[in-house]
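> My structure file data-v7.cif, mmCIF, C-alpha atoms, is below:
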```
data_structure
loop_
_atom_site.label_atom_id
_atom_site.label_comp_id
_atom_site.auth_asym_id
_atom_site.auth_seq_id
_atom_site.Cartn_x
_atom_site.Cartn_y
_atom_site.Cartn_z
CA MET T 1 -47.49 -46.04 35.13
CA ASN T 2 -45.08 -44.75 37.76
CA ALA T 3 -46.52 -42.69 40.61
CA ARG T 4 -44.44 -39.77 41.82
CA THR T 5 -43.89 -39.72 45.61
CA PRO T 6 -45.45 -36.55 47.09
CA ARG T 7 -43.06 -34.07 48.75
CA PRO T 8 -43.78 -33.53 52.49
CA PRO T 9 -45.03 -30.04 53.37
CA GLY T 10 -42.25 -27.55 54.09
CA THR T 11 -39.63 -29.55 52.26
CA PRO T 12 -37.61 -27.26 49.91
CA ARG T 13 -37.52 -28.09 46.25
CA PRO T 14 -34.34 -29.85 45.14
CA PRO T 15 -31.98 -27.66 43.07
CA ARG T 16 -32.44 -27.92 39.36
CA THR T 17 -29.68 -29.32 37.27
CA PRO T 18 -28.08 -26.34 35.42
CA ARG T 19 -28.39 -26.46 31.68
CA GLY T 20 -25.52 -25.70 29.38
CA PRO T 21 -25.53 -22.87 26.88
CA ARG T 22 -28.28 -23.14 24.33
CA LYS T 23 -26.99 -24.35 21.00
CA PRO T 24 -27.76 -22.22 17.99
CA PRO T 25 -30.32 -23.73 15.64
CA PRO T 26 -28.81 -25.77 12.83
CA MET T 27 -28.61 -24.30 9.37
CA PRO T 28 -31.78 -25.24 7.48
CA PRO T 29 -31.23 -27.81 4.71
CA GLU T 30 -32.06 -25.32 1.99
CA PHE T 31 -29.13 -23.16 3.12
CA GLN T 32 -26.59 -25.95 3.25
CA PRO T 33 -24.13 -26.43 0.38
CA ARG T 34 -24.96 -29.17 -2.06
CA GLN T 35 -23.39 -32.61 -1.77
CA GLY T 36 -21.26 -34.29 -4.40
CA GLY T 37 -19.58 -31.17 -5.73
CA PRO T 38 -17.87 -27.92 -4.76
CA PRO T 39 -20.17 -25.35 -3.11
CA LEU T 40 -21.10 -22.13 -4.81
CA GLU T 41 -18.62 -19.38 -3.96
CA ALA T 42 -18.72 -15.60 -4.22
CA SER T 43 -16.31 -12.76 -3.66
CA LEU T 44 -17.67 -10.00 -1.46
CA THR T 45 -16.59 -6.51 -2.46
CA LEU T 46 -17.19 -3.15 -0.84
CA GLY T 47 -18.39 -0.19 -2.83
CA ARG T 48 -20.83 2.66 -3.13
CA ARG T 49 -24.02 2.55 -5.14
CA GLY T 50 -23.35 -0.92 -6.44
CA LYS T 51 -19.91 -0.19 -7.91
CA ALA T 52 -17.28 -2.71 -6.84
CA ILE T 53 -14.24 -0.68 -5.87
CA VAL T 54 -12.69 -2.67 -3.01
CA PRO T 55 -12.18 -6.33 -3.99
CA ALA T 56 -11.87 -9.14 -1.47
CA ALA T 57 -8.12 -9.48 -2.10
CA ARG T 58 -7.52 -5.97 -0.78
CA ILE T 59 -9.63 -6.64 2.29
CA ALA T 60 -7.51 -9.75 2.94
CA LEU T 61 -4.37 -7.64 2.57
CA LEU T 62 -5.83 -5.08 4.98
CA ALA T 63 -6.46 -7.80 7.56
CA ASP T 64 -2.91 -9.14 7.23
CA ILE T 65 -1.47 -5.65 7.68
CA GLY T 66 -3.46 -5.33 10.90
CA ARG T 67 -2.17 -8.68 12.15
CA GLN T 68 1.43 -8.40 10.96
CA GLY T 69 2.04 -4.67 11.50
CA SER T 70 4.00 -4.62 8.25
CA ILE T 71 3.09 -4.16 4.60
CA SER T 72 6.02 -6.35 3.56
CA ALA T 73 4.95 -9.23 5.82
CA ALA T 74 1.36 -8.90 4.66
CA ALA T 75 2.51 -8.98 1.03
CA ASN T 76 4.43 -12.21 1.69
CA ARG T 77 1.35 -13.84 3.19
CA GLN T 78 -0.73 -12.78 0.18
CA GLY T 79 1.90 -13.96 -2.32
CA ILE T 80 2.32 -10.54 -3.94
CA SER T 81 5.21 -8.13 -4.28
CA TYR T 82 5.81 -5.30 -1.84
CA ARG T 83 5.17 -2.78 -4.59
CA THR T 84 1.80 -4.35 -5.41
CA ALA T 85 0.84 -4.30 -1.75
CA TRP T 86 1.88 -0.67 -1.29
CA ASP T 87 -0.08 0.33 -4.39
CA ALA T 88 -3.13 -1.44 -2.95
CA VAL T 89 -2.73 0.47 0.34
CA GLN T 90 -2.55 3.77 -1.52
CA ALA T 91 -5.66 2.86 -3.52
CA LEU T 92 -7.56 2.00 -0.34
CA ASN T 93 -6.57 5.27 1.33
CA ASN T 94 -7.63 7.17 -1.78
CA LEU T 95 -11.09 5.61 -1.88
CA PHE T 96 -12.16 6.37 1.69
CA PRO T 97 -12.76 9.74 3.38
CA ARG T 98 -9.93 9.02 5.85
CA PRO T 99 -6.92 6.70 5.53
CA LEU T 100 -7.34 3.04 6.47
CA VAL T 101 -3.61 2.38 6.82
CA GLU T 102 -0.83 4.47 8.29
CA GLY T 103 2.67 3.38 7.46
CA GLN T 104 6.14 4.25 6.36
CA PRO T 105 7.54 2.54 3.25
CA GLY T 106 10.84 0.80 3.74
CA GLY T 107 11.90 -0.23 0.25
CA ALA T 108 12.50 -3.91 -0.45
CA ARG T 109 12.61 -4.72 3.28
CA GLY T 110 9.23 -3.15 3.90
CA GLY T 111 8.36 -0.93 6.85
CA THR T 112 5.98 -0.51 9.72
CA ALA T 113 2.27 -0.11 9.18
CA SER T 114 -0.89 -0.09 11.28
CA LEU T 115 -4.61 0.17 10.68
CA THR T 116 -6.44 3.30 11.69
CA ALA T 117 -9.78 3.23 13.50
CA ASP T 118 -11.47 3.47 10.10
CA GLY T 119 -9.39 0.54 8.86
CA TRP T 120 -10.56 -1.71 11.69
CA ALA T 121 -14.15 -0.50 11.16
CA VAL T 122 -14.00 -1.54 7.50
CA LEU T 123 -12.73 -5.00 8.51
CA ARG T 124 -15.52 -5.47 11.05
CA ALA T 125 -18.15 -4.41 8.54
CA TYR T 126 -16.73 -6.75 5.92
CA GLU T 127 -16.67 -9.75 8.29
CA GLY T 128 -20.28 -9.13 9.29
CA LEU T 129 -21.42 -8.87 5.68
CA ASN T 130 -19.41 -11.93 4.69
CA THR T 131 -21.08 -14.04 7.40
CA GLU T 132 -24.54 -12.99 6.29
CA MET T 133 -23.67 -13.63 2.66
CA LYS T 134 -22.81 -17.27 3.33
CA TRP T 135 -26.39 -17.92 4.42
CA VAL T 136 -27.87 -16.08 1.48
CA LEU T 137 -25.56 -17.91 -0.91
CA GLY T 138 -26.96 -21.29 0.11
CA ALA T 139 -30.48 -20.18 -0.75
CA LEU T 140 -29.33 -18.67 -4.04
CA GLU T 141 -27.59 -21.89 -5.03
CA LEU T 142 -30.79 -23.84 -4.41
CA ARG T 143 -32.72 -21.49 -6.66
CA LEU T 144 -30.09 -21.67 -9.38
CA ARG T 145 -30.17 -25.48 -9.32
CA SER T 146 -33.95 -25.58 -9.47
CA GLY T 147 -34.14 -22.91 -12.20
CA LYS T 148 -36.38 -20.74 -10.01
CA THR T 149 -34.68 -17.44 -10.79
CA ASP T 150 -36.06 -14.52 -12.74
CA PHE T 151 -32.68 -13.61 -14.27
CA ASP T 152 -30.05 -15.18 -16.48
CA PRO T 153 -27.21 -16.34 -14.16
CA THR T 154 -24.64 -15.49 -16.85
CA PHE T 155 -25.40 -11.79 -16.26
CA LEU T 156 -23.61 -12.05 -12.89
CA TRP T 157 -20.28 -11.96 -14.73
CA SER T 158 -20.95 -8.41 -15.89
CA LEU T 159 -21.47 -6.83 -12.46
CA THR T 160 -17.90 -5.58 -11.92
CA MET T 161 -16.10 -2.38 -12.80
CA LYS T 162 -12.49 -2.26 -13.92
CA THR T 163 -10.47 0.65 -15.24
CA SER T 164 -7.02 1.12 -16.73
CA ALA T 165 -6.62 4.53 -15.09
CA ARG T 166 -3.67 4.52 -12.67
CA ASN T 167 -5.31 7.00 -10.31
CA MET T 168 -8.77 6.68 -8.78
CA LEU T 169 -9.77 9.22 -6.14
CA ARG T 170 -13.02 9.39 -4.25
CA GLY T 171 -14.58 12.78 -3.61
CA GLU T 172 -17.82 14.61 -3.03
CA ILE T 173 -19.21 16.97 -5.63
CA VAL T 174 -19.15 20.54 -4.36
CA SER T 175 -20.48 22.37 -7.39
CA VAL T 176 -21.51 21.85 -11.00
CA ARG T 177 -21.25 24.91 -13.25
CA GLU T 178 -22.92 24.41 -16.59
CA GLY T 179 -21.85 26.17 -19.77
CA ALA T 180 -23.17 26.08 -23.30
CA VAL T 181 -21.38 22.82 -24.15
CA ASN T 182 -19.34 21.71 -21.13
CA ALA T 183 -19.76 21.58 -17.38
CA GLU T 184 -17.15 22.27 -14.70
CA VAL T 185 -17.40 19.89 -11.74
CA ILE T 186 -15.50 20.48 -8.50
CA LEU T 187 -14.80 17.52 -6.20
CA ASP T 188 -13.87 17.85 -2.53
CA LEU T 189 -11.09 15.33 -1.78
CA GLY T 190 -10.89 16.23 1.90
CA ASP T 191 -8.38 18.20 3.96
CA GLY T 192 -9.01 21.30 1.87
CA ARG T 193 -8.02 19.59 -1.40
CA SER T 194 -10.25 19.86 -4.43
CA LEU T 195 -10.17 18.57 -7.98
CA VAL T 196 -11.77 20.15 -11.05
CA ALA T 197 -13.11 18.03 -13.90
CA GLY T 198 -14.36 19.21 -17.26
CA VAL T 199 -17.08 17.05 -18.82
CA THR T 200 -19.60 17.56 -21.55
CA LEU T 201 -22.94 18.98 -20.53
CA GLU T 202 -24.65 15.87 -21.85
CA ALA T 203 -22.42 13.60 -19.75
CA ALA T 204 -22.98 15.69 -16.61
CA ARG T 205 -26.75 15.39 -16.97
CA GLU T 206 -26.64 11.70 -17.88
CA LEU T 207 -24.52 10.91 -14.81
CA GLY T 208 -26.80 13.00 -12.61
CA LEU T 209 -23.91 15.05 -11.23
CA ALA T 210 -25.10 17.27 -8.39
CA PRO T 211 -23.64 18.85 -5.24
CA GLY T 212 -23.44 16.47 -2.32
CA GLU T 213 -23.19 13.34 -4.47
CA PRO T 214 -20.10 11.07 -4.30
CA ALA T 215 -18.01 10.50 -7.42
CA LEU T 216 -14.78 8.86 -8.50
CA ALA T 217 -12.13 10.79 -10.38
CA LEU T 218 -10.09 8.70 -12.83
CA ILE T 219 -6.75 10.07 -14.03
CA ASN T 220 -4.17 8.38 -16.21
CA ALA T 221 -0.60 8.56 -14.92
CA GLY T 222 0.59 10.01 -18.23
CA ASP T 223 -1.88 12.92 -17.92
CA ILE T 224 -0.22 14.30 -14.78
CA LEU T 225 2.54 16.87 -15.24
CA LEU T 226 5.06 17.56 -12.50
CA ALA T 227 6.75 20.85 -11.70
CA ALA T 228 9.20 22.01 -9.07
CA PRO T 229 7.82 24.67 -6.71
CA PRO T 230 9.34 28.13 -7.17
CA ALA T 231 12.34 28.98 -5.04
CA PRO T 232 12.03 31.70 -2.38
CA GLY T 233 11.91 35.11 -4.04
CA GLU T 234 10.87 33.72 -7.43
CA PRO T 235 7.44 34.58 -8.89
CA PRO T 236 4.73 31.95 -8.42
CA LEU T 237 4.36 29.31 -11.10
CA ARG T 238 1.76 30.24 -13.70
CA THR T 239 0.10 27.49 -15.72
CA SER T 240 -3.05 26.86 -17.72
CA ALA T 241 -3.73 23.58 -15.90
CA ARG T 242 -6.94 23.85 -13.89
CA ASN T 243 -5.61 21.59 -11.13
CA ASP T 244 -2.43 22.48 -9.27
CA LEU T 245 -1.93 20.24 -6.23
CA GLU T 246 1.11 20.52 -4.00
CA GLY T 247 2.64 17.38 -2.63
CA VAL T 248 5.76 15.49 -1.66
CA VAL T 249 7.37 12.61 -3.54
CA SER T 250 6.73 9.51 -1.43
CA ARG T 251 8.26 6.95 -3.78
CA LEU T 252 10.20 6.90 -7.05
CA GLU T 253 10.38 3.87 -9.34
CA THR T 254 13.10 4.44 -11.93
CA GLY T 255 13.22 2.85 -15.37
CA ALA T 256 15.38 2.97 -18.45
CA VAL T 257 13.03 5.41 -20.19
CA ASN T 258 10.22 6.40 -17.81
CA ASP T 259 9.97 6.84 -14.06
CA GLU T 260 6.88 6.28 -11.91
CA VAL T 261 6.51 9.02 -9.33
CA HIS T 262 4.22 8.65 -6.31
CA VAL T 263 3.17 11.99 -4.84
CA ASP T 264 1.55 12.33 -1.41
CA ILE T 265 -0.99 15.16 -1.75
CA GLY T 266 -2.25 15.00 1.83
CA ALA T 267 -5.38 13.57 3.48
CA GLY T 268 -3.90 10.10 2.98
CA LYS T 269 -4.23 10.34 -0.80
CA THR T 270 -1.57 9.70 -3.44
CA LEU T 271 -1.22 10.52 -7.12
CA VAL T 272 0.97 8.48 -9.46
CA ALA T 273 2.58 10.23 -12.43
CA MET T 274 4.61 8.80 -15.30
CA VAL T 275 7.46 11.04 -16.51
CA THR T 276 10.59 10.44 -18.52
CA HIS T 277 13.72 9.51 -16.64
CA THR T 278 15.43 12.61 -18.05
CA SER T 279 12.66 14.87 -16.71
CA ALA T 280 12.80 13.25 -13.29
CA GLU T 281 16.54 13.89 -13.09
CA ALA T 282 16.13 17.47 -14.28
CA LEU T 283 13.55 18.13 -11.54
CA GLY T 284 15.74 16.43 -8.95
CA LEU T 285 12.92 14.11 -7.93
CA ALA T 286 13.56 11.90 -4.91
CA PRO T 287 11.55 10.75 -1.90
CA GLY T 288 10.82 13.79 0.26
CA THR T 289 11.14 16.29 -2.60
CA PRO T 290 8.33 18.90 -2.78
CA VAL T 291 6.57 18.83 -6.13
CA ARG T 292 3.47 20.21 -7.80
CA THR T 293 1.06 18.03 -9.78
CA LEU T 294 -0.60 19.73 -12.74
CA ILE T 295 -3.71 18.18 -14.28
CA LYS T 296 -5.95 19.64 -16.96
CA ALA T 297 -9.65 19.52 -16.12
CA GLY T 298 -10.34 17.66 -19.35
CA HIS T 299 -8.01 14.86 -18.26
CA VAL T 300 -10.12 14.08 -15.18
CA LEU T 301 -12.78 11.46 -15.89
CA LEU T 302 -15.73 11.01 -13.54
CA ALA T 303 -17.60 7.87 -12.57
CA VAL T 304 -20.68 7.49 -10.37
CA GLY T 305 -22.82 4.63 -9.15
#
```
Show how you would write the structure in this file as structure tokens.

Amino acid sequence: MNARTPRPPGTPRPPRTPRGPRKPPPMPPEFQPRQGGPPLEASLTLGRRGKAIVPAARIALLADIGRQGSISAAANRQGISYRTAWDAVQALNNLFPRPLVEGQPGGARGGTASLTADGWAVLRAYEGLNTEMKWVLGALELRLRSGKTDFDPTFLWSLTMKTSARNMLRGEIVSVREGAVNAEVILDLGDGRSLVAGVTLEAARELGLAPGEPALALINAGDILLAAPPAPGEPPLRTSARNDLEGVVSRLETGAVNDEVHVDIGAGKTLVAMVTHTSAEALGLAPGTPVRTLIKAGHVLLAVG
């Protein structure tokens, strides 16, 4: 047993050896991926009320746009076409109250683009959730291997939502006016823009549509009619379509028979219409051309969480 030599009175204590930064505790074994095989993987999506509306691939594209400052460069890194990337940007801007990306298309060579404050906020939220999910995933994998789950794992394949509708706009329900058979639902798209949908009374009650609740409007490209605004001095355009949204052609994809027309309706939102090539020429459609989008209320489908 070693005896410690007493310190003489009045002698200052020797300085303590500084310790390095404290290491974080190791991941518990039950959270670590299994050995001898590939770890369990998951794709984190962002949505409202459990509906997956922003897949991981679009978040990755968003991050590359922020780093590259170009939609074209981001598309190259993701291995997708410029058109696919631009469509994804439009879809993201449509699904959030304010745009996530601000940019100018530049055709095949791309253009400049930057993330807004909301765009960076979405990325930060996603990274935080993704980090937490990795820990949870380890515990879930252990339960799946041991059979200690109270659900059938095959049900996980059904928890996604896909739609063939070309247009998907997020809005907030302003009013629901019920009739004898149908209900008229008005959505606020932001920036003073609204959209009217006509649904059956039974569907409105089953979906729980009520003012203040968020909803998604689904519109097929073929259900959108385009019209040229009246010239100065001409009477205003009269139509039976319940929705008449003014906009500007932001992009035109021409085909042998049909043309795909992208219309910027403001508030960072875009509608895509499919018209015949003959009609597009007759209307003189080109990027920068003012145009009106006409949509019948019955052609607007609604989806909620």
> Report the distance between CA of Ala217 (chain T) and CA of Ala57 (chain T) in Å, rounded to one decimal place.
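CA of Ala57 (chain T) lies 22.3 Å from CA of Ala217 (chain T).
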> Using the chain letters and numbers from the file, which residues does the PyMOL selection byres ((chain T and resi 64) around 12) grab, as a tab-separated table (two decimals) with C-alpha atoms, in the frame of the given file?

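And here is the file that came out, expr-v2.tsv:
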```tsv
chain	number	residue	atom	x	y	z
T	57	ALA	CA	-8.12	-9.48	-2.10
T	58	ARG	CA	-7.52	-5.97	-0.78
T	59	ILE	CA	-9.63	-6.64	2.29
T	60	ALA	CA	-7.51	-9.75	2.94
T	61	LEU	CA	-4.37	-7.64	2.57
T	62	LEU	CA	-5.83	-5.08	4.98
T	63	ALA	CA	-6.46	-7.80	7.56
T	65	ILE	CA	-1.47	-5.65	7.68
T	66	GLY	CA	-3.46	-5.33	10.90
T	67	ARG	CA	-2.17	-8.68	12.15
T	68	GLN	CA	1.43	-8.40	10.96
T	69	GLY	CA	2.04	-4.67	11.50
T	70	SER	CA	4.00	-4.62	8.25
T	71	ILE	CA	3.09	-4.16	4.60
T	72	SER	CA	6.02	-6.35	3.56
T	73	ALA	CA	4.95	-9.23	5.82
T	74	ALA	CA	1.36	-8.90	4.66
T	75	ALA	CA	2.51	-8.98	1.03
T	76	ASN	CA	4.43	-12.21	1.69
T	77	ARG	CA	1.35	-13.84	3.19
T	78	GLN	CA	-0.73	-12.78	0.18
T	79	GLY	CA	1.90	-13.96	-2.32
T	85	ALA	CA	0.84	-4.30	-1.75
T	89	VAL	CA	-2.73	0.47	0.34
T	101	VAL	CA	-3.61	2.38	6.82
T	113	ALA	CA	2.27	-0.11	9.18
T	114	SER	CA	-0.89	-0.09	11.28
T	115	LEU	CA	-4.61	0.17	10.68
T	119	GLY	CA	-9.39	0.54	8.86
T	120	TRP	CA	-10.56	-1.71	11.69
T	123	LEU	CA	-12.73	-5.00	8.51
```
> Name all residues at most 7 Å from Leu301 (chain T) (count all atoms listed in the file; drop same-chain ones fewer than 6 positions away) and give them as a PyMOL selection string.
chain T and resi 197+217-219
> Would you pick out the contacts of Glu281 (chain T) at 12 Å or less, using only C-alpha atoms, so that residues sharing its chain but fewer than 6 positions from it are not included, and give the list as a ChimeraX atom specification?
/T:228,252,254-255,257-259,261,275
> Have a look at CA of Arg205 (chain T) and CA of Leu302 (chain T) and let me know their distance in Å, one decimal.
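So the two atoms, CA of Arg205 (chain T) and CA of Leu302 (chain T), lie 12.3 Å apart.
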> Quick one: residues within 7 Å of Arg170 (chain T), all atoms listed in the file counted, chain neighbours fewer than 3 positions away excluded, as a PDB file with C-alpha atoms, in the coordinates of the input?

```pdb
ATOM      1  CA  ASN T  94      -7.630   7.170  -1.780  1.00  0.00           C
ATOM      2  CA  LEU T  95     -11.090   5.610  -1.880  1.00  0.00           C
ATOM      3  CA  PHE T  96     -12.160   6.370   1.690  1.00  0.00           C
ATOM      4  CA  LEU T 189     -11.090  15.330  -1.780  1.00  0.00           C
ATOM      5  CA  ALA T 215     -18.010  10.500  -7.420  1.00  0.00           C
ATOM      6  CA  LEU T 216     -14.780   8.860  -8.500  1.00  0.00           C
ATOM      7  CA  ALA T 217     -12.130  10.790 -10.380  1.00  0.00           C
TER       8      ALA T 217
END
```
> Can you pull out the residues contacting Gly284 (chain T)? Cut-off 12 Å, using all atoms listed in the file, and skip same-chain residues under 5 positions away; I want them as a count of residues only.
13
> Would you please work out which residue, of T:Ala203, T:Val176, T:Ala125, T:Leu245, is nearest to Lys269 (chain T) when using only C-alpha atoms?
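Using only C-alpha atoms, Lys269 (chain T) sits closest to T:Leu245.
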> For Glu246 (chain T), work out the shell of residues within 9 Å, counting all atoms listed in the file and skipping chain neighbours fewer than 4 positions away, then give it as a PyMOL selection string.
chain T and resi 229+263-266+290-294
> Go ahead and compute the interatomic distance for CA of Ile295 (chain T) and CA of Asp118 (chain T), in Å to one decimal.
29.5 Å
> Considering only C-alpha atoms, state which residue in the set T:Arg166, T:Arg251, T:Arg177, T:Arg193 is at the smallest distance from Val300 (chain T).
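Selected residue with least distance to Val300 (chain T): T:Arg166.
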> Using only C-alpha atoms, which of the listed residues (T:Gly298, T:Asn220, T:Leu225, T:Pro214) sits closest to Glu184 (chain T)?
T:Gly298
